[in-house]
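Data file: query01.pdb. Format and content: PDB, C-alpha atoms.
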```pdb
MODEL        1
ATOM      1  CA  MET W   1       0.000   0.000   0.000  1.00  0.00           C
ATOM      2  CA  LEU W   2       1.277   3.421  -0.955  1.00  0.00           C
ATOM      3  CA  HIS W   3       0.417   6.279   1.377  1.00  0.00           C
ATOM      4  CA  ILE W   4       0.922   9.815   0.146  1.00  0.00           C
ATOM      5  CA  SER W   5      -0.157  12.931   1.960  1.00  0.00           C
ATOM      6  CA  LEU W   6      -0.988  15.390  -0.796  1.00  0.00           C
ATOM      7  CA  PRO W   7      -0.877  18.591   1.253  1.00  0.00           C
ATOM      8  CA  CYS W   8       2.859  17.959   1.546  1.00  0.00           C
ATOM      9  CA  ALA W   9       3.239  17.097  -2.127  1.00  0.00           C
ATOM     10  CA  ASN W  10       3.508  19.637  -4.877  1.00  0.00           C
ATOM     11  CA  MET W  11       0.620  18.316  -7.014  1.00  0.00           C
ATOM     12  CA  SER W  12      -3.160  18.188  -6.982  1.00  0.00           C
ATOM     13  CA  LEU W  13      -5.174  15.071  -6.240  1.00  0.00           C
ATOM     14  CA  MET W  14      -6.322  14.987  -9.857  1.00  0.00           C
ATOM     15  CA  SER W  15      -2.744  15.126 -11.165  1.00  0.00           C
ATOM     16  CA  PHE W  16      -1.712  12.417  -8.738  1.00  0.00           C
ATOM     17  CA  LEU W  17      -4.598  10.139  -9.771  1.00  0.00           C
ATOM     18  CA  GLN W  18      -3.826  10.645 -13.454  1.00  0.00           C
ATOM     19  CA  LEU W  19      -0.202   9.721 -12.833  1.00  0.00           C
ATOM     20  CA  VAL W  20      -0.655   6.751 -10.511  1.00  0.00           C
ATOM     21  CA  SER W  21      -3.940   5.093 -11.494  1.00  0.00           C
ATOM     22  CA  LYS W  22      -2.549   3.725 -14.753  1.00  0.00           C
ATOM     23  CA  SER W  23       0.335   1.931 -13.041  1.00  0.00           C
ATOM     24  CA  VAL W  24      -1.427   0.163 -10.141  1.00  0.00           C
ATOM     25  CA  ARG W  25      -4.315  -2.283  -9.840  1.00  0.00           C
ATOM     26  CA  GLN W  26      -6.274  -0.174  -7.365  1.00  0.00           C
ATOM     27  CA  VAL W  27      -6.090   3.286  -5.835  1.00  0.00           C
ATOM     28  CA  ILE W  28      -7.610   3.535  -2.359  1.00  0.00           C
ATOM     29  CA  LEU W  29      -8.698   7.024  -1.375  1.00  0.00           C
ATOM     30  CA  ASP W  30      -8.931   7.181   2.417  1.00  0.00           C
ATOM     31  CA  ALA W  31     -11.264  10.160   2.744  1.00  0.00           C
ATOM     32  CA  LYS W  32     -10.914  12.075   6.000  1.00  0.00           C
ATOM     33  CA  VAL W  33     -13.473  14.622   7.131  1.00  0.00           C
ATOM     34  CA  GLY W  34     -12.878  17.619   9.304  1.00  0.00           C
ATOM     35  CA  PRO W  35     -13.511  21.296   9.904  1.00  0.00           C
ATOM     36  CA  PRO W  36     -14.776  23.592   8.666  1.00  0.00           C
ATOM     37  CA  LEU W  37     -17.152  21.787   6.268  1.00  0.00           C
ATOM     38  CA  TYR W  38     -16.828  18.156   7.424  1.00  0.00           C
ATOM     39  CA  GLU W  39     -18.826  16.013   4.931  1.00  0.00           C
ATOM     40  CA  LYS W  40     -20.629  18.915   3.237  1.00  0.00           C
ATOM     41  CA  GLY W  41     -20.040  18.564  -0.510  1.00  0.00           C
ATOM     42  CA  LEU W  42     -17.017  16.301  -0.022  1.00  0.00           C
ATOM     43  CA  ALA W  43     -18.507  13.242  -1.775  1.00  0.00           C
ATOM     44  CA  ALA W  44     -19.378  15.283  -4.874  1.00  0.00           C
ATOM     45  CA  ASP W  45     -15.916  16.890  -4.907  1.00  0.00           C
ATOM     46  CA  ILE W  46     -14.145  13.518  -4.622  1.00  0.00           C
ATOM     47  CA  LEU W  47     -16.306  11.917  -7.325  1.00  0.00           C
ATOM     48  CA  SER W  48     -15.795  14.896  -9.632  1.00  0.00           C
ATOM     49  CA  THR W  49     -12.026  14.664  -9.200  1.00  0.00           C
ATOM     50  CA  ILE W  50     -12.027  10.893  -9.813  1.00  0.00           C
ATOM     51  CA  ASN W  51     -14.099  11.342 -12.983  1.00  0.00           C
ATOM     52  CA  LYS W  52     -11.928  14.188 -14.317  1.00  0.00           C
ATOM     53  CA  ALA W  53      -8.782  12.173 -13.607  1.00  0.00           C
ATOM     54  CA  GLY W  54     -10.208   9.112 -15.356  1.00  0.00           C
ATOM     55  CA  CYS W  55      -9.448   6.930 -12.345  1.00  0.00           C
ATOM     56  CA  ASN W  56     -11.420   3.789 -13.181  1.00  0.00           C
ATOM     57  CA  ASN W  57      -9.681   1.796 -10.471  1.00  0.00           C
ATOM     58  CA  CYS W  58     -10.324   4.155  -7.555  1.00  0.00           C
ATOM     59  CA  LEU W  59     -11.978   2.953  -4.367  1.00  0.00           C
ATOM     60  CA  ILE W  60     -13.146   5.398  -1.685  1.00  0.00           C
ATOM     61  CA  TRP W  61     -13.358   4.476   1.966  1.00  0.00           C
ATOM     62  CA  SER W  62     -13.895   6.475   5.113  1.00  0.00           C
ATOM     63  CA  LYS W  63     -14.590   6.279   8.814  1.00  0.00           C
ATOM     64  CA  SER W  64     -17.465   8.692   8.158  1.00  0.00           C
ATOM     65  CA  ASP W  65     -20.692   6.800   7.469  1.00  0.00           C
ATOM     66  CA  THR W  66     -22.258  10.026   6.221  1.00  0.00           C
ATOM     67  CA  LEU W  67     -19.566  10.451   3.580  1.00  0.00           C
ATOM     68  CA  VAL W  68     -19.791   6.786   2.507  1.00  0.00           C
ATOM     69  CA  ARG W  69     -23.581   7.034   2.143  1.00  0.00           C
ATOM     70  CA  ASP W  70     -23.230  10.280   0.163  1.00  0.00           C
ATOM     71  CA  VAL W  71     -20.792   8.618  -2.252  1.00  0.00           C
ATOM     72  CA  MET W  72     -23.097   5.598  -2.683  1.00  0.00           C
ATOM     73  CA  ARG W  73     -26.059   7.899  -3.303  1.00  0.00           C
ATOM     74  CA  LEU W  74     -24.193   9.946  -5.925  1.00  0.00           C
ATOM     75  CA  SER W  75     -22.475   7.127  -7.829  1.00  0.00           C
ATOM     76  CA  GLN W  76     -22.928   3.413  -8.345  1.00  0.00           C
ATOM     77  CA  ASP W  77     -19.778   3.257 -10.504  1.00  0.00           C
ATOM     78  CA  VAL W  78     -17.144   3.899  -7.836  1.00  0.00           C
ATOM     79  CA  PRO W  79     -16.543   1.190  -5.214  1.00  0.00           C
ATOM     80  CA  VAL W  80     -16.956   2.475  -1.681  1.00  0.00           C
ATOM     81  CA  GLY W  81     -16.261   1.090   1.761  1.00  0.00           C
ATOM     82  CA  TYR W  82     -16.365   1.907   5.429  1.00  0.00           C
ATOM     83  CA  ILE W  83     -14.027   1.346   8.347  1.00  0.00           C
ATOM     84  CA  VAL W  84     -14.731  -0.808  11.401  1.00  0.00           C
ATOM     85  CA  MET W  85     -12.805   0.326  14.428  1.00  0.00           C
ATOM     86  CA  ARG W  86     -12.952   0.659  18.191  1.00  0.00           C
ATOM     87  CA  ASP W  87     -14.096   4.016  19.574  1.00  0.00           C
ATOM     88  CA  PRO W  88     -11.116   5.276  21.593  1.00  0.00           C
ATOM     89  CA  SER W  89     -13.268   6.968  24.220  1.00  0.00           C
ATOM     90  CA  THR W  90     -15.733   4.122  24.863  1.00  0.00           C
ATOM     91  CA  GLY W  91     -13.871   1.032  23.638  1.00  0.00           C
ATOM     92  CA  VAL W  92     -16.966  -0.038  21.683  1.00  0.00           C
ATOM     93  CA  ARG W  93     -16.464  -1.546  18.204  1.00  0.00           C
ATOM     94  CA  THR W  94     -18.479   0.035  15.399  1.00  0.00           C
ATOM     95  CA  ASN W  95     -21.134  -2.195  13.856  1.00  0.00           C
ATOM     96  CA  LEU W  96     -19.585  -4.624  11.391  1.00  0.00           C
ATOM     97  CA  LEU W  97     -22.461  -4.943   8.911  1.00  0.00           C
ATOM     98  CA  ARG W  98     -23.858  -1.441   9.147  1.00  0.00           C
ATOM     99  CA  MET W  99     -23.939  -0.335   5.520  1.00  0.00           C
ATOM    100  CA  LYS W 100     -25.759  -2.322   2.854  1.00  0.00           C
ATOM    101  CA  GLY W 101     -24.396  -1.747  -0.638  1.00  0.00           C
ATOM    102  CA  SER W 102     -20.808  -1.128   0.414  1.00  0.00           C
ATOM    103  CA  GLN W 103     -18.293  -3.178  -1.558  1.00  0.00           C
ATOM    104  CA  VAL W 104     -15.443  -3.017   0.972  1.00  0.00           C
ATOM    105  CA  VAL W 105     -15.072  -3.164   4.741  1.00  0.00           C
ATOM    106  CA  GLY W 106     -11.791  -2.014   6.256  1.00  0.00           C
ATOM    107  CA  VAL W 107     -11.176  -3.386   9.748  1.00  0.00           C
ATOM    108  CA  TYR W 108      -8.736  -2.099  12.345  1.00  0.00           C
ATOM    109  CA  HIS W 109      -6.280  -5.015  12.545  1.00  0.00           C
ATOM    110  CA  PRO W 110      -6.616  -5.886  16.289  1.00  0.00           C
ATOM    111  CA  LEU W 111     -10.339  -6.515  15.688  1.00  0.00           C
ATOM    112  CA  ILE W 112      -9.814  -9.179  13.021  1.00  0.00           C
ATOM    113  CA  ASP W 113     -10.546 -12.763  14.016  1.00  0.00           C
ATOM    114  CA  GLU W 114     -11.886 -15.910  12.307  1.00  0.00           C
ATOM    115  CA  ALA W 115     -15.530 -15.142  13.123  1.00  0.00           C
ATOM    116  CA  LEU W 116     -15.257 -11.686  11.580  1.00  0.00           C
ATOM    117  CA  VAL W 117     -13.659 -13.064   8.403  1.00  0.00           C
ATOM    118  CA  ARG W 118     -16.361 -15.754   8.064  1.00  0.00           C
ATOM    119  CA  THR W 119     -19.080 -13.136   8.509  1.00  0.00           C
ATOM    120  CA  LEU W 120     -17.634 -10.809   5.887  1.00  0.00           C
ATOM    121  CA  HIS W 121     -17.098 -13.623   3.365  1.00  0.00           C
ATOM    122  CA  ARG W 122     -20.799 -14.600   3.413  1.00  0.00           C
TER     123      ARG W 122
ENDMDL
END
```

In structure tokens, how does this file's structure come out?
Amino acid sequence: MLHISLPCANMSLMSFLQLVSKSVRQVILDAKVGPPLYEKGLAADILSTINKAGCNNCLIWSKSDTLVRDVMRLSQDVPVGYIVMRDPSTGVRTNLLRMKGSQVVGVYHPLIDEALVRTLHR
């Protein structure tokens, strides 16, 4: 897995996707939300950039269920997934099968066990 933080790089996301997407099997966009707009308009912006870049092998995933649902609502062509993790303040694991229609589930590695893998492979 290649991890690049674009704010530190000297190129736009679109330029990066155009450059990289043709030389790898899959590009995973780990979409983070935050102030000031959080999810507002982010799904549309990401999808627009993917389309303009011609990234046919892009996958979007996020810890934000709102963002994942927005992407699924706006496009059926781009694979999308959500992240299962443990809430640091409560210790509670997020619901494993919480989003119908998602193609990918990312799981925080300490939470992976045989039962989880069997459930996801059904």

> Can you tell me, as a ChimeraX atom specification, what residues are no more than 9 Å from Leu111 of chain W when counting all atoms listed in the file, ignoring any on the same chain fewer than 5 positions away?
Replying inline: /W:84-86,93,116

Just the residues within 12 Å of Ile28 of chain W, please, counting all atoms listed in the file, with nothing from its chain fewer than 3 positions along; format it as a tab-separated table (two decimals) with C-alpha atoms, in the frame of the given file.
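Saved the output as result32.tsv:
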```tsv
chain	number	residue	atom	x	y	z
W	1	MET	CA	0.00	0.00	0.00
W	2	LEU	CA	1.28	3.42	-0.96
W	3	HIS	CA	0.42	6.28	1.38
W	4	ILE	CA	0.92	9.82	0.15
W	17	LEU	CA	-4.60	10.14	-9.77
W	20	VAL	CA	-0.66	6.75	-10.51
W	21	SER	CA	-3.94	5.09	-11.49
W	24	VAL	CA	-1.43	0.16	-10.14
W	25	ARG	CA	-4.32	-2.28	-9.84
W	31	ALA	CA	-11.26	10.16	2.74
W	50	ILE	CA	-12.03	10.89	-9.81
W	55	CYS	CA	-9.45	6.93	-12.34
W	56	ASN	CA	-11.42	3.79	-13.18
W	57	ASN	CA	-9.68	1.80	-10.47
W	58	CYS	CA	-10.32	4.16	-7.56
W	59	LEU	CA	-11.98	2.95	-4.37
W	60	ILE	CA	-13.15	5.40	-1.68
W	61	TRP	CA	-13.36	4.48	1.97
W	62	SER	CA	-13.90	6.48	5.11
W	78	VAL	CA	-17.14	3.90	-7.84
W	79	PRO	CA	-16.54	1.19	-5.21
W	80	VAL	CA	-16.96	2.48	-1.68
W	81	GLY	CA	-16.26	1.09	1.76
W	82	TYR	CA	-16.36	1.91	5.43
W	104	VAL	CA	-15.44	-3.02	0.97
W	106	GLY	CA	-11.79	-2.01	6.26
```

> Care to translate the PyMOL selection byres ((chain W and resi 43) around 7) into actual residues of this file, as a list in words?
Replying inline: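 Output of the PyMOL selection byres ((chain W and resi 43) around 7): Gly41, Leu42, Ala44, Asp45, Ile46, Leu47, Leu67, Asp70 and Val71 of chain W.
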
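Note that atom CA of Phe16 of chain W and atom CA of His109 of chain W are 27.9 Å apart.
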
> Taking into account only C-alpha atoms, which residue in the set W:Glu39, W:Pro88, W:Lys52, W:Asn95 is nearest to Ser64 of chain W?
Replying inline: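 Closest to Ser64 of chain W of all the choices is W:Glu39.
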
>> Between atom CA of Leu96 of chain W and atom CA of Asp65 of chain W, what distance in Å does the model show, to one decimal?
In response: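 Atom CA of Leu96 of chain W sits 12.1 Å away from atom CA of Asp65 of chain W.
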
> Between W:Thr119, W:Val68, W:Ser15, W:Lys40, which one has atoms that come closest to Gly101 of chain W, using all atoms listed in the file?
Replying inline: W:Val68

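Across the structure, atom CA of Val117 of chain W and atom CA of Met72 of chain W are spaced 23.7 Å apart.
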